[in-house]
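The structure under discussion appears below in the form of structure tokens.
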Amino acid sequence: MSDSPPYEVIIGLEVHTQLATRTKLFCRCSTQYGASPNTQTCPVCLGLPGSLPVMNRKAHQLALKTACALNLEIPNFTKWDRKNYYYPDLPKGYQVSQYDLPMSQDGFLEISDPKGRFKPKKVGITRAHLEEDAGKSMHDEAAGKADSRIDLNRTGTPLLEIVSEPDMRSSLEAKAYLTELRLILVYLGVSDCNMQEGSLRVDANVNLHMMVDGKKIATPIVEIKNMNSFRAVERALEYEAKRQYEVWQETGKTIGDMPKQTRGWDDQAQITRGQREKEESSDYRYFPEPDLAPVVVQPEEIERVKSELGELPQQIRERLEAAYTIPAYDADVIVNQAQSTVTYFETLAQSAGDGKLASNWVQQDVLRILKDRQIEIEQFPISAERLTGLLKAIQGKEIDTTRAKDVFTAMLDSDQTAEQIMAEMGIEKVDDSALENLCRELLEANPKIVEDLKNGVQKAVGALIGQAKKKNPNIDPGELRAKCMELVKGM
Amino acid sequence: MSLIESTATRLLEQLQSGEVTAVELATTFLDRIQAHDAQVGAFLKVTRDSALAKAEDVDRRRKAGEKLGRLAGLPVAVKDLLCTKGEVTTCASRMLENFVPPYDATVIRKLNDADAVILGKTNMDEFAMGGSTENSALGKTRNPWNLEMVPGGSSGGAAACVAADMVPLSIGTDTGGSIRQPAAFCGISGMKPTYGRVSRFGLVAFASSLDQIGPMARSAEDMALLLEAISGHDPQDSTSANEPVPSFTQSVGKPLEKLRIGLVREHFGEGLDTEVNAAVREAVKIFERKGASVVDISLPHSKYAIATYYIIAPSEASSNLARFDGVHYGHRCDEKAVLEQLSEERAVLEAAGDERAIKQMDSALVRMYRQSRAEGFGPEVKRRIMLGTYTLSAGYYDAYYLKALKVRRLIRQDFDDAFKEVDLIVGPTTPTPAFPAGEKSDDPLSMYLGDLYTVGANLAGITGVSIPCGMSLRGLPIGLQMQAPPLEEERLLRAAYMFQQETDWHLRRPDLA
Amino acid sequence: MRLAREDVEKVSLLARLRLSEEELTLMTEQMSQIVSYIDLLGEVDTSDVEPMAHAIEQVNIFAEDEPHESLPREAALANAPKRDEECFRVPAVLGE
């Protein structure tokens, strides 16, 4: 950028991710998405008097796994706390969460940009803790004064709240952090991270640092909510940075002048809007949850979880680069898809024996079809084994790239091997004598071109390729060119 | 001895031998309730139909030779703080006047599985907050020994119905003495088991880390019978003790030898009624005659027990009772009235040009909460919610709540130390016998101070029992409290049995006209 | 410690209780009395004492991740003061 802004953007992110359990955090109601309102509740998640919570073992295991993957320290002892506040989608009048002794703290996540737009960095993670989700309030905005409707299906769904340090300096870095975090969570099977279904939610804390008259100043911190996609996060951060700069220019207010405010992202208007807040709303009166037992984790358990983590995305990228000699960019694209795409690529690269060729085909052709058809690699109609057949034909020069794409397209809607389709399409390698005969025939019929070639006008041979393809579509243009040159030389 | 005066243990024998049927028994007690409860007011609801249906079922199955539960055919009353599926569970509050739980508390399920016959739900202080049952929003309960006196609380109805021979067994709950104190006031036996011994699932929480359900009955044997039926690990309660339940009925009759009894110095000081003091000293002599040795002990932090308790209990209560907000169940105020109220207030403020006050006005939702809760809760519940909200709030948490949790550990430590020297801690259950209704209603602090001897067991999580040990000159029962280390209910029951073999205080009955 | 009327009023909002002027006066009086009494704890030396939040000190109480049957919707909504076919209803939460 030619004129970079006169400030530095300071960004911290709070991510809530829904853990991939079958049941809720403190009762055994299903967490299945999309059920009809208030059909997945019981006395516990309805907050009925007398009901008591019992913690979901799986949720704790998934949280431990995540904490290990995010390099977080896992203290021996962790407990539950009640966060008290009134809201109609919070039936108990408190949320069970973790306050002063979270299950993990002090970790980091490494981010980088294969396009090199920012330097690789470690983003600090302050803590990750477990908590229960609230229900859903639905309101008809137009009606204004009408009732809100409350659905408690979601109430008690296990969430892991992952709080970063304010270590990001651009919306690009924030997006990279979110992308990598989501990838890790998905690779670990900890969450499906579906933002549409609310299983990944992001709030951002942002302010600006500036040097003014040799003194460092900071603008008031704003928490942005209601961002429903990574794209929205990017835009909201960009908008908010500009807005804060403008406000600062107008008012000169800095961080000490006002408390943290909350603003909501309006995706339609592409702006953030201030949200009404009450003075007392921040007194949550946290205290230890008397209905739940604390959790003690032994070091051996942490070691076991670590040993069972498997490869994390960054480790896979590095391995693919080294093992298949592909560029970092390629490894990034493949790994950023999903574990199954990596498996597909590896099968293809190994059986074709050419990592770069496999990478090109996966990136350009396979991923394009996935996108067009909106399917996952598991539903992709050409198995890695079948695609290997096509790659082998290319390597054996039985087919050129252009025709290979035709064969690929045909394979999408058939179960046949590349070989079978090529045979049907009459694609076969043109043997040397046939090629020579064809070249002689063409040269004889085009004395002008022969003349040009003799005079060193090499591009003249191009005119022959079209004619040759008409006579035999299997002709490889490269080979044709070489053979013609050779023949002309001997004339 | 008539049926209504028999112990549950004896009634169970009669049921088993066929001398009496479950229906006869249920009818007898239901008739007794009908005849006398107008006077006593122990019950909020009598479930006559379902009780008789259950009794008939027990009789039919007994006839058919089917396997029956351990309390088969025995009538039981339940404090209205336990959820009963399909039956109104009010907690003696306007807030829950019409609340019908869709589930049974674990203890209710265990009673049903034991084939007990539940006769009804008993009165109590609203949400178990109080020591006289005067805080019930739904009825007045009188002490059967003297109708001018309170029955104690919060399990006042649960104690009174046993004392008045309306039921042989009853379920109470104890957060700071709410079983032991009314048992003492009404001249019956009542036990607060070890925290975790009986599942709290389905018990409407007052203070979760202190609440415990326990038996109220006429004798140690009867307590053993009921405790055995309701105890045990419950996977639905994370604070339930995963410990085997001894056979209390088998062991209750075995005398304890070389018993070491501790008398807490601090429990015989200022404020202890002389008659109570004398009765307790007399009771100790009985144990001595049975071979017990008496040790003078100290619980150095006991003078802080009430203060500790009245921080922790209201703090937890303020959070536990947040769910009663008129949204998902319970009382909701008249929404229209609230909206009108708000627009009137706004008009006044606008006329006065008070911008700041307008900004601070409640939204419709907040006012709905505040009004619903103002209408649904009585004064004592409000007081405790306010107090607990205050002690948990920013700036006060460390000085009050956190401090109280620390003193709580010191109190527990005192008990642990004491139990290294003695097997039982024995003393008065209450400083005085039952007091007249209305005497302390306007003075919450003096009411709180009455819990002096009982709150320690709840804070420490140990077990305690109160058994009758005398009568005041005015004819009011006096209770003897005995406390034992965690999970030592058996020791308490055996000691209580020993005492009741030597005395007849537990057999005395009030005269109900 | 004596509580100020305004403090008690603030607590009543946190606690979502509406107190009349009369109740507020009495509450301020009674709370002040009780708080003065519980201030007694100030004299206890609790340095190096771990807080005791539970009366039973056990850890790691878990349940397995196996779904159970939820309540029928009708049972879930049965006690609602205001509801429709599917949901609980409350005055609009917009702007809360």
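Each chain in the structure tokens gets a letter, A, B, ..., in the order shown, and its residues are numbered from 1; ligands are numbered from 1 in order too.
Residues lying within 7 Å of C:Leu17, counting only C-alpha atoms and ignoring same-chain neighbours fewer than 4 positions away, are Arg370, Gln371, Arg373 and Ala374 of chain B; Ser12 and Leu13 of chain C.
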Determine which residues of chain B sit within 9 Å of chain A, taking into account only C-alpha atoms, and present them as a PyMOL selection string.
-> chain B and resi 81-83+101-103+105+200-205+207-209+235-239+315-316+319-325+327-329+360+365-366+369+389+391-394+397+401-402
Write down as a ChimeraX atom specification the residues of stretch 20-79 of chain A whose backbone DSSP state falls under strand (DSSP E).
-> /A:55-56,77-78
Just to be explicit: take each residue in the selection above, keep C-alpha atoms, and write the result as a JSON list (two decimals), in the first residue's frame.
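Heads up, here's the output in result.json:
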```
[["chain", "number", "residue", "atom", "x", "y", "z"],
["A", 55, "MET", "CA", -20.76, -33.04, 33.14],
["A", 56, "ASN", "CA", -20.33, -34.62, 29.73],
["A", 77, "PHE", "CA", -7.15, -28.39, 38.82],
["A", 78, "THR", "CA", -10.06, -26.63, 37.18]]
```
Distance-based interface of chain C with chain A, 9 Å, counting only C-alpha atoms, as a PyMOL selection string = chain C and resi 10+13-14+16+53-74+76-77+83-84+86-96
The selected residues should be written to file as a PDB file, in the first residue's frame (atoms: C-alpha atoms).
```pdb
ATOM      1  CA  LYS C  10     -28.726  -0.928  43.089  1.00  0.00           C
ATOM      2  CA  LEU C  13     -31.883  -4.095  40.293  1.00  0.00           C
ATOM      3  CA  LEU C  14     -29.102  -6.681  40.154  1.00  0.00           C
ATOM      4  CA  ARG C  16     -34.346  -8.148  39.724  1.00  0.00           C
ATOM      5  CA  ALA C  53     -16.925 -24.286  48.194  1.00  0.00           C
ATOM      6  CA  HIS C  54     -18.189 -27.856  48.516  1.00  0.00           C
ATOM      7  CA  ALA C  55     -19.158 -29.929  51.507  1.00  0.00           C
ATOM      8  CA  ILE C  56     -18.034 -33.060  49.698  1.00  0.00           C
ATOM      9  CA  GLU C  57     -14.635 -32.894  48.101  1.00  0.00           C
ATOM     10  CA  GLN C  58     -14.770 -35.207  45.142  1.00  0.00           C
ATOM     11  CA  VAL C  59     -13.598 -34.571  41.595  1.00  0.00           C
ATOM     12  CA  ASN C  60     -14.119 -35.751  38.019  1.00  0.00           C
ATOM     13  CA  ILE C  61     -17.769 -36.678  38.097  1.00  0.00           C
ATOM     14  CA  PHE C  62     -18.708 -37.361  34.481  1.00  0.00           C
ATOM     15  CA  ALA C  63     -21.539 -38.854  32.490  1.00  0.00           C
ATOM     16  CA  GLU C  64     -21.097 -40.569  29.145  1.00  0.00           C
ATOM     17  CA  ASP C  65     -22.137 -38.800  25.954  1.00  0.00           C
ATOM     18  CA  GLU C  66     -25.211 -40.960  25.352  1.00  0.00           C
ATOM     19  CA  PRO C  67     -28.447 -39.159  24.422  1.00  0.00           C
ATOM     20  CA  HIS C  68     -31.531 -39.751  26.518  1.00  0.00           C
ATOM     21  CA  GLU C  69     -35.066 -38.986  25.563  1.00  0.00           C
ATOM     22  CA  SER C  70     -36.005 -35.332  25.901  1.00  0.00           C
ATOM     23  CA  LEU C  71     -39.303 -34.136  27.304  1.00  0.00           C
ATOM     24  CA  PRO C  72     -42.188 -33.842  24.866  1.00  0.00           C
ATOM     25  CA  ARG C  73     -42.562 -30.184  23.921  1.00  0.00           C
ATOM     26  CA  GLU C  74     -45.930 -30.014  25.618  1.00  0.00           C
ATOM     27  CA  ALA C  76     -41.518 -28.514  28.468  1.00  0.00           C
ATOM     28  CA  LEU C  77     -43.963 -25.673  27.903  1.00  0.00           C
ATOM     29  CA  ARG C  83     -46.461 -19.421  25.336  1.00  0.00           C
ATOM     30  CA  ASP C  84     -47.547 -20.338  21.853  1.00  0.00           C
ATOM     31  CA  GLU C  86     -43.804 -23.945  20.021  1.00  0.00           C
ATOM     32  CA  CYS C  87     -42.164 -21.355  22.233  1.00  0.00           C
ATOM     33  CA  PHE C  88     -42.077 -19.490  25.507  1.00  0.00           C
ATOM     34  CA  ARG C  89     -43.099 -15.856  25.094  1.00  0.00           C
ATOM     35  CA  VAL C  90     -41.775 -12.775  26.894  1.00  0.00           C
ATOM     36  CA  PRO C  91     -41.953  -9.028  26.346  1.00  0.00           C
ATOM     37  CA  ALA C  92     -39.582  -8.103  23.506  1.00  0.00           C
ATOM     38  CA  VAL C  93     -35.910  -8.508  24.376  1.00  0.00           C
ATOM     39  CA  LEU C  94     -34.806  -6.077  21.672  1.00  0.00           C
ATOM     40  CA  GLY C  95     -32.285  -3.618  22.927  1.00  0.00           C
ATOM     41  CA  GLU C  96     -31.720  -5.526  26.144  1.00  0.00           C
TER      42      GLU C  96
END
```
Got a sec: who's within 10 Å of C:Gly42, counting only C-alpha atoms, leaving out chain neighbours fewer than 6 positions off, as a compact mmCIF listing (two decimals) with C-alpha atoms, in the first residue's frame?
```
# COMPACT_ATOMS: atom_id res chain seq x y z
CA ALA B 399 -14.63 -9.53 51.99
CA TYR B 400 -17.77 -11.60 52.41
CA LYS B 403 -13.90 -14.93 53.35
CA ALA B 404 -16.85 -17.08 54.40
```
From stretch 11-80 of chain C, collect each residue whose DSSP state is helix (DSSP H, G or I) and return the set as a ChimeraX atom specification.
-> /C:11-14,21-43,73-77
Near A:Asp415, counting only C-alpha atoms, which residues have an atom at most 10 Å away, once you skip same-chain residues fewer than 6 positions from it, shown as a PyMOL selection string?
-> chain A and resi 381-383+386+421
Serialized selection, N, CA and C atoms, as an mmCIF file, in the first residue's frame:
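For reference, result_38.cif as written:
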```
data_model
loop_
_atom_site.group_PDB
_atom_site.id
_atom_site.type_symbol
_atom_site.label_atom_id
_atom_site.label_comp_id
_atom_site.auth_asym_id
_atom_site.auth_seq_id
_atom_site.Cartn_x
_atom_site.Cartn_y
_atom_site.Cartn_z
ATOM 1 N N PRO A 381 -16.774 -37.922 -7.664
ATOM 2 C CA PRO A 381 -17.007 -39.185 -8.390
ATOM 3 C C PRO A 381 -15.747 -39.903 -8.880
ATOM 4 N N ILE A 382 -14.629 -39.199 -9.018
ATOM 5 C CA ILE A 382 -13.432 -39.888 -9.520
ATOM 6 C C ILE A 382 -12.517 -40.208 -8.339
ATOM 7 N N SER A 383 -12.329 -41.484 -8.094
ATOM 8 C CA SER A 383 -11.458 -41.858 -6.981
ATOM 9 C C SER A 383 -10.021 -41.527 -7.349
ATOM 10 N N ARG A 386 -8.681 -43.930 -9.859
ATOM 11 C CA ARG A 386 -9.085 -43.715 -11.262
ATOM 12 C C ARG A 386 -8.338 -42.545 -11.860
ATOM 13 N N ILE A 421 -12.056 -44.760 -21.347
ATOM 14 C CA ILE A 421 -12.624 -43.556 -21.955
ATOM 15 C C ILE A 421 -11.748 -43.080 -23.115
#
```
